[in-house]
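The data block below is my_file_6.cif; it holds mmCIF, C-alpha atoms.
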```cif
data_start
#
loop_
_atom_site.label_atom_id
_atom_site.label_comp_id
_atom_site.auth_asym_id
_atom_site.auth_seq_id
_atom_site.Cartn_x
_atom_site.Cartn_y
_atom_site.Cartn_z
CA MET A 1 5.16 8.40 4.86
CA ARG A 2 5.40 8.42 1.07
CA LEU A 3 5.36 4.61 1.02
CA HIS A 4 2.17 4.56 3.06
CA PHE A 5 0.66 7.30 0.89
CA SER A 6 1.40 5.30 -2.26
CA LEU A 7 -0.10 2.14 -0.78
CA LEU A 8 -3.22 4.00 0.31
CA ALA A 9 -3.56 5.61 -3.13
CA VAL A 10 -3.29 2.24 -4.87
CA PHE A 11 -5.74 0.68 -2.40
CA SER A 12 -8.19 3.55 -2.89
CA LEU A 13 -8.05 3.15 -6.65
CA PHE A 14 -8.66 -0.60 -6.30
CA VAL A 15 -11.64 -0.13 -4.00
CA SER A 16 -13.15 2.54 -6.27
CA GLN A 17 -12.99 0.15 -9.22
CA CYS A 18 -14.13 -2.91 -7.26
CA HIS A 19 -16.31 -1.54 -4.49
CA ALA A 20 -17.95 -4.91 -3.89
CA GLY A 21 -14.96 -5.85 -1.77
CA CYS A 22 -15.24 -2.91 0.61
CA SER A 23 -12.79 -2.58 3.49
CA GLU A 24 -12.71 0.37 5.89
CA VAL A 25 -9.22 1.86 6.23
CA ASP A 26 -8.32 4.89 8.34
CA SER A 27 -6.92 7.95 6.62
CA LEU A 28 -3.35 9.10 7.11
CA THR A 29 -3.06 12.11 9.42
CA GLU A 30 0.17 13.85 8.43
CA ALA A 31 0.69 15.88 5.26
CA VAL A 32 3.74 17.69 3.89
CA ALA A 33 3.41 21.37 2.96
CA GLY A 34 3.51 21.94 -0.79
CA GLU A 35 2.57 18.38 -1.65
CA GLY A 36 -0.74 16.63 -2.27
CA PHE A 37 -2.64 14.61 0.31
CA LEU A 38 -5.30 11.90 0.15
CA LEU A 39 -8.06 12.41 2.71
CA GLY A 40 -9.43 8.92 3.17
CA CYS A 41 -13.02 8.21 4.17
CA ILE A 42 -14.66 4.81 3.65
CA SER A 43 -18.05 3.66 4.89
CA CYS A 44 -19.03 0.14 3.82
CA LYS A 45 -22.63 -1.00 3.57
CA LYS A 46 -23.51 -3.68 6.10
CA ARG A 47 -25.54 -5.57 3.51
CA GLU A 48 -23.91 -5.45 0.10
CA GLU A 49 -26.89 -6.95 -1.71
CA VAL A 50 -29.13 -3.99 -0.78
CA PRO A 51 -29.14 -1.29 -3.49
CA ALA A 52 -28.37 2.20 -2.22
CA ARG A 53 -27.49 5.72 -3.17
CA ALA A 54 -25.35 8.14 -1.19
CA THR A 55 -23.99 11.65 -1.14
CA VAL A 56 -20.81 12.76 0.64
CA ASP A 57 -20.01 16.04 2.36
CA TRP A 58 -16.67 17.25 3.68
CA HIS A 59 -16.38 19.90 6.41
CA PHE A 60 -13.21 21.52 7.76
CA LYS A 61 -12.48 23.13 11.12
CA PRO A 62 -9.12 24.97 11.19
CA MET A 63 -6.92 24.50 14.22
CA GLY A 64 -7.95 26.94 16.98
CA GLU A 65 -11.44 27.57 15.60
CA GLU A 66 -14.79 26.24 16.82
CA GLU A 67 -16.93 26.12 13.69
CA PHE A 68 -16.78 23.73 10.75
CA ARG A 69 -16.79 25.04 7.19
CA HIS A 70 -18.63 23.17 4.44
CA ILE A 71 -15.93 22.70 1.81
CA PHE A 72 -17.08 19.91 -0.53
CA HIS A 73 -20.19 18.06 -1.69
CA TYR A 74 -20.41 15.04 -3.99
CA ASP A 75 -23.63 13.75 -5.53
CA HIS A 76 -22.67 11.47 -8.39
CA PRO A 77 -21.53 12.55 -10.89
CA VAL A 78 -21.32 16.17 -9.70
CA ALA A 79 -18.53 17.37 -7.38
CA ASP A 80 -18.84 20.85 -5.88
CA ILE A 81 -16.07 22.76 -4.07
CA LEU A 82 -17.92 25.02 -1.64
CA HIS A 83 -15.19 27.11 0.01
CA GLU A 84 -12.81 29.54 -1.64
CA ASP A 85 -9.84 28.33 0.45
CA PHE A 86 -10.05 25.02 -1.39
CA SER A 87 -10.89 26.40 -4.81
CA ASP A 88 -9.28 24.26 -7.56
CA ARG A 89 -7.52 22.18 -4.89
CA LEU A 90 -10.00 19.36 -4.19
CA GLU A 91 -10.47 16.32 -6.42
CA TRP A 92 -12.91 13.47 -5.96
CA ARG A 93 -11.10 10.13 -5.61
CA GLY A 94 -14.00 8.10 -4.29
CA THR A 95 -16.55 5.67 -5.73
CA LEU A 96 -17.51 6.53 -9.29
CA ASN A 97 -21.20 5.67 -9.06
CA GLY A 98 -24.21 6.61 -6.97
CA ASP A 99 -23.72 3.76 -4.48
CA ILE A 100 -20.80 5.51 -2.76
CA GLN A 101 -18.79 3.60 -0.20
CA MET A 102 -15.49 5.43 -0.53
CA GLY A 103 -15.69 9.20 -0.06
CA THR A 104 -12.01 9.97 -0.50
CA VAL A 105 -10.85 13.37 -1.75
CA TYR A 106 -7.40 14.54 -2.83
CA VAL A 107 -6.11 17.92 -1.66
CA ASN A 108 -3.56 19.60 -3.93
CA ASN A 109 -0.82 21.93 -2.69
CA ILE A 110 -1.27 21.43 1.05
CA THR A 111 -0.48 24.50 3.20
CA PHE A 112 0.01 24.95 6.94
CA ASN A 113 -3.43 26.59 7.02
CA ASP A 114 -4.92 23.21 6.14
CA THR A 115 -4.06 21.88 9.61
CA GLY A 116 -7.19 21.00 11.52
CA THR A 117 -10.15 18.60 11.69
CA TYR A 118 -11.86 17.24 8.60
CA ARG A 119 -15.28 15.65 8.86
CA CYS A 120 -16.62 13.30 6.22
CA THR A 121 -20.37 12.63 6.20
CA PHE A 122 -22.21 9.94 4.24
CA HIS A 123 -25.94 10.39 3.66
CA ARG A 124 -26.97 6.96 2.39
CA THR A 125 -30.42 5.83 1.33
CA LEU A 126 -30.97 2.07 1.45
CA PHE A 127 -33.70 0.91 -0.91
CA LEU A 128 -35.28 -1.81 1.25
CA PRO A 129 -38.25 -3.88 0.05
CA LEU A 130 -40.80 -2.19 2.35
CA SER A 131 -39.50 1.40 2.43
CA PRO A 132 -36.26 3.34 1.97
CA GLU A 133 -34.05 3.83 5.02
CA LEU A 134 -31.76 6.83 5.55
CA VAL A 135 -28.39 6.15 7.22
CA THR A 136 -25.90 8.86 8.19
CA VAL A 137 -22.26 8.06 8.92
CA GLU A 138 -19.66 10.60 10.10
CA LYS A 139 -15.90 10.18 10.29
CA GLU A 140 -13.23 12.68 11.32
CA VAL A 141 -9.58 13.08 10.37
CA GLU A 142 -7.18 15.14 12.50
CA LEU A 143 -4.68 16.45 9.98
CA SER A 144 -1.31 18.00 10.84
CA VAL A 145 0.88 19.67 8.22
CA VAL A 146 4.67 19.52 8.52
CA GLY A 147 7.50 21.03 6.52
CA VAL A 148 9.38 17.75 6.05
CA ALA A 149 7.98 14.24 6.08
CA ASN A 150 8.70 12.35 9.27
CA ARG A 151 9.96 8.83 8.85
CA GLU A 152 7.66 6.61 10.85
CA LEU A 153 9.05 3.81 12.99
CA THR A 154 7.44 1.19 10.77
CA ASP A 155 9.23 2.64 7.73
CA VAL A 156 12.58 2.53 9.52
CA ILE A 157 12.03 -1.05 10.71
CA SER A 158 10.93 -2.12 7.23
CA GLU A 159 14.03 -0.59 5.68
CA ILE A 160 16.32 -2.24 8.25
CA MET A 161 14.64 -5.61 7.68
CA MET A 162 15.05 -5.17 3.93
CA TYR A 163 18.81 -4.60 4.28
CA VAL A 164 19.11 -7.52 6.71
CA LEU A 165 17.27 -9.75 4.26
CA ILE A 166 19.45 -8.63 1.35
CA THR A 167 22.62 -9.25 3.40
CA PHE A 168 21.37 -12.68 4.50
CA LEU A 169 20.54 -13.63 0.91
CA GLN A 170 23.98 -12.54 -0.26
CA LEU A 171 25.69 -14.60 2.46
CA TRP A 172 23.45 -17.57 1.69
CA LEU A 173 24.34 -17.28 -2.00
CA ILE A 174 28.06 -17.23 -1.18
CA VAL A 175 27.68 -20.33 1.01
CA VAL A 176 25.77 -22.12 -1.74
CA LEU A 177 28.41 -21.20 -4.32
CA ILE A 178 31.19 -22.46 -2.05
CA TYR A 179 29.28 -25.68 -1.37
CA CYS A 180 28.63 -26.26 -5.07
CA TYR A 181 32.25 -25.49 -5.97
CA LYS A 182 33.50 -27.90 -3.29
CA LYS A 183 31.09 -30.60 -4.46
CA ILE A 184 32.18 -30.18 -8.09
CA TRP A 185 35.86 -30.21 -7.05
CA ASP A 186 35.37 -33.38 -4.98
CA GLU A 187 33.65 -35.09 -7.91
CA HIS A 188 36.48 -34.01 -10.18
CA GLU A 189 39.05 -35.40 -7.74
CA ALA A 190 37.07 -38.66 -7.51
CA ARG A 191 37.02 -38.99 -11.31
CA GLN A 192 40.73 -38.35 -11.50
CA ALA A 193 41.34 -40.98 -8.84
CA ARG A 194 39.19 -43.52 -10.71
CA LYS A 195 41.02 -42.77 -13.93
CA ALA A 196 44.36 -43.23 -12.17
CA GLN A 197 43.24 -46.55 -10.70
CA ALA A 198 41.95 -47.70 -14.09
CA GLY A 199 45.28 -46.76 -15.66
CA GLN A 200 47.18 -48.72 -13.05
CA GLY A 201 44.91 -51.75 -13.68
CA GLU A 202 45.53 -51.67 -17.41
CA SER A 203 49.29 -51.40 -16.86
CA LYS A 204 49.23 -54.41 -14.54
CA ASP A 205 47.24 -56.47 -17.07
CA ASN A 206 49.78 -55.66 -19.78
CA CYS A 207 52.63 -56.71 -17.53
CA ASP A 208 50.89 -60.00 -16.70
CA GLY A 209 50.53 -60.74 -20.42
CA VAL A 210 54.24 -60.24 -21.00
CA GLN A 211 55.08 -62.66 -18.20
CA LEU A 212 52.73 -65.32 -19.60
CA GLU A 213 54.53 -65.16 -22.94
#
```
The structure in this file should be written as structure tokens.
Amino acid sequence: MRLHFSLLAVFSLFVSQCHAGCSEVDSLTEAVAGEGFLLGCISCKKREEVPARATVDWHFKPMGEEEFRHIFHYDHPVADILHEDFSDRLEWRGTLNGDIQMGTVYVNNITFNDTGTYRCTFHRTLFLPLSPELVTVEKEVELSVVGVANRELTDVISEIMMYVLITFLQLWLIVVLIYCYKKIWDEHEARQARKAQAGQGESKDNCDGVQLE
């Protein structure tokens, strides 16, 4: 969970700084009580070359209730927290210009009361050559709050694969070391054998000289 949160946070920062390469990624849906949480919401323009301006609204419907509450509004560069339950707890983490494509917000100090449905709404005006066009995009996030982070299956598999890879690399390194040691030893033995043969040849030549005398 924390690994995925970190990756999403890094990705969100990258997209906010380089929004030309927009990619829509779903938000995480499980938060841990007492910690912070990144509510992701990305809506890419279909035609990047068209200038645009957008505002973003966040609404929240608590679990068991029927009505949404308007909790946040962003119209660059102004961010307004509109509900007392989220006072001083919401931070804008989206695009830092008027052409908003990432409407992500960060919620500090998550509580169990934050469980419910969050709706992110983009109101985008496309400045087309003939006349402006208004486009509205809505996305929802079903958020559940838990006391302790659950380890997802992908995290467990990734960790197991990491240990398997480390073990394999260690075994491979041992095999390589043994192979190299054996190769060096065989070369050393070959040199010793050549030296011994050369010594025997010199001794034989000396003996032949004595006999000729």
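Counting from CA of Cys22 in chain A, the distance to CA of Ile100 in chain A is 10.6 Å.
Residues lying within 9 Å of range 75-90 of chain A, counting only C-alpha atoms and ignoring same-chain neighbours fewer than 4 positions away, are A:Ala54, A:Thr55, A:Val56, A:Asp57, A:Arg69, A:His70, A:Ile71, A:Thr95, A:Leu96, A:Asn97, A:Gly98, A:Asp99, A:Ile100, A:Val105, A:Tyr106, A:Val107, A:Asn108, A:Asn109, A:Ile110.
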If you take all atoms listed in the file and a cut-off of 6 Å, which residues of range 18-84 of chain A touch range 112-120 of chain A, and what are their nearest atom pairs and distances in Å to one decimal, in chain and number order, as CSV?
```
residue,atom,partner,partner_atom,distance
A:Asp57,CA,A:Cys120,CA,5.8
A:Trp58,CA,A:Cys120,CA,4.7
A:His59,CA,A:Arg119,CA,5.0
A:Phe60,CA,A:Tyr118,CA,4.6
A:Lys61,CA,A:Thr117,CA,5.1
A:Pro62,CA,A:Gly116,CA,4.4
A:Met63,CA,A:Gly116,CA,4.4
```
When distances are computed from only C-alpha atoms, which of A:Gln200, A:Thr111, A:Ser131, A:Thr125 shows the smallest separation from Gly147 in chain A?
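Of all the options, A:Thr111 lies closest to Gly147 in chain A.
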Could you check how far CA of Gly34 in chain A sits from CA of Phe72 in chain A, in Å to one decimal?
20.7 Å
Where is the centre and how long are the edges: axis-aligned box on range 90-104 of chain A, 5 Å on each side, Å to one decimal, as lines of an AutoDock Vina configuration file:
```
center_x = -17.1
center_y = 11.5
center_z = -4.7
size_x = 24.2
size_y = 25.8
size_z = 19.2
```
Expand the PyMOL selection byres ((chain A and resi 146) around 7) into the explicit residue set it covers here, and present it as a JSON list (two decimals) with C-alpha atoms, in the frame of the given file.
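out-v9.json, written as the output of this step:
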```
[["chain", "number", "residue", "atom", "x", "y", "z"],
["A", 31, "ALA", "CA", 0.69, 15.88, 5.26],
["A", 32, "VAL", "CA", 3.74, 17.69, 3.89],
["A", 33, "ALA", "CA", 3.41, 21.37, 2.96],
["A", 144, "SER", "CA", -1.31, 18.00, 10.84],
["A", 145, "VAL", "CA", 0.88, 19.67, 8.22],
["A", 147, "GLY", "CA", 7.50, 21.03, 6.52],
["A", 148, "VAL", "CA", 9.38, 17.75, 6.05],
["A", 149, "ALA", "CA", 7.98, 14.24, 6.08]]
```
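With only C-alpha atoms as the atoms that count, the minimum distance from Leu143 in chain A to the choices A:Val25, A:Leu130, A:Leu39, A:Ile160 is reached by A:Leu39.
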For CA of Phe127 in chain A and CA of Trp92 in chain A, quote the distance in Å rounded to one decimal.
24.8 Å
My list of candidates is A:Ile184, A:Leu171, A:Met162, A:Ala52. Which is closest to His123 in chain A when distances are computed with all atoms listed in the file?
A:Ala52
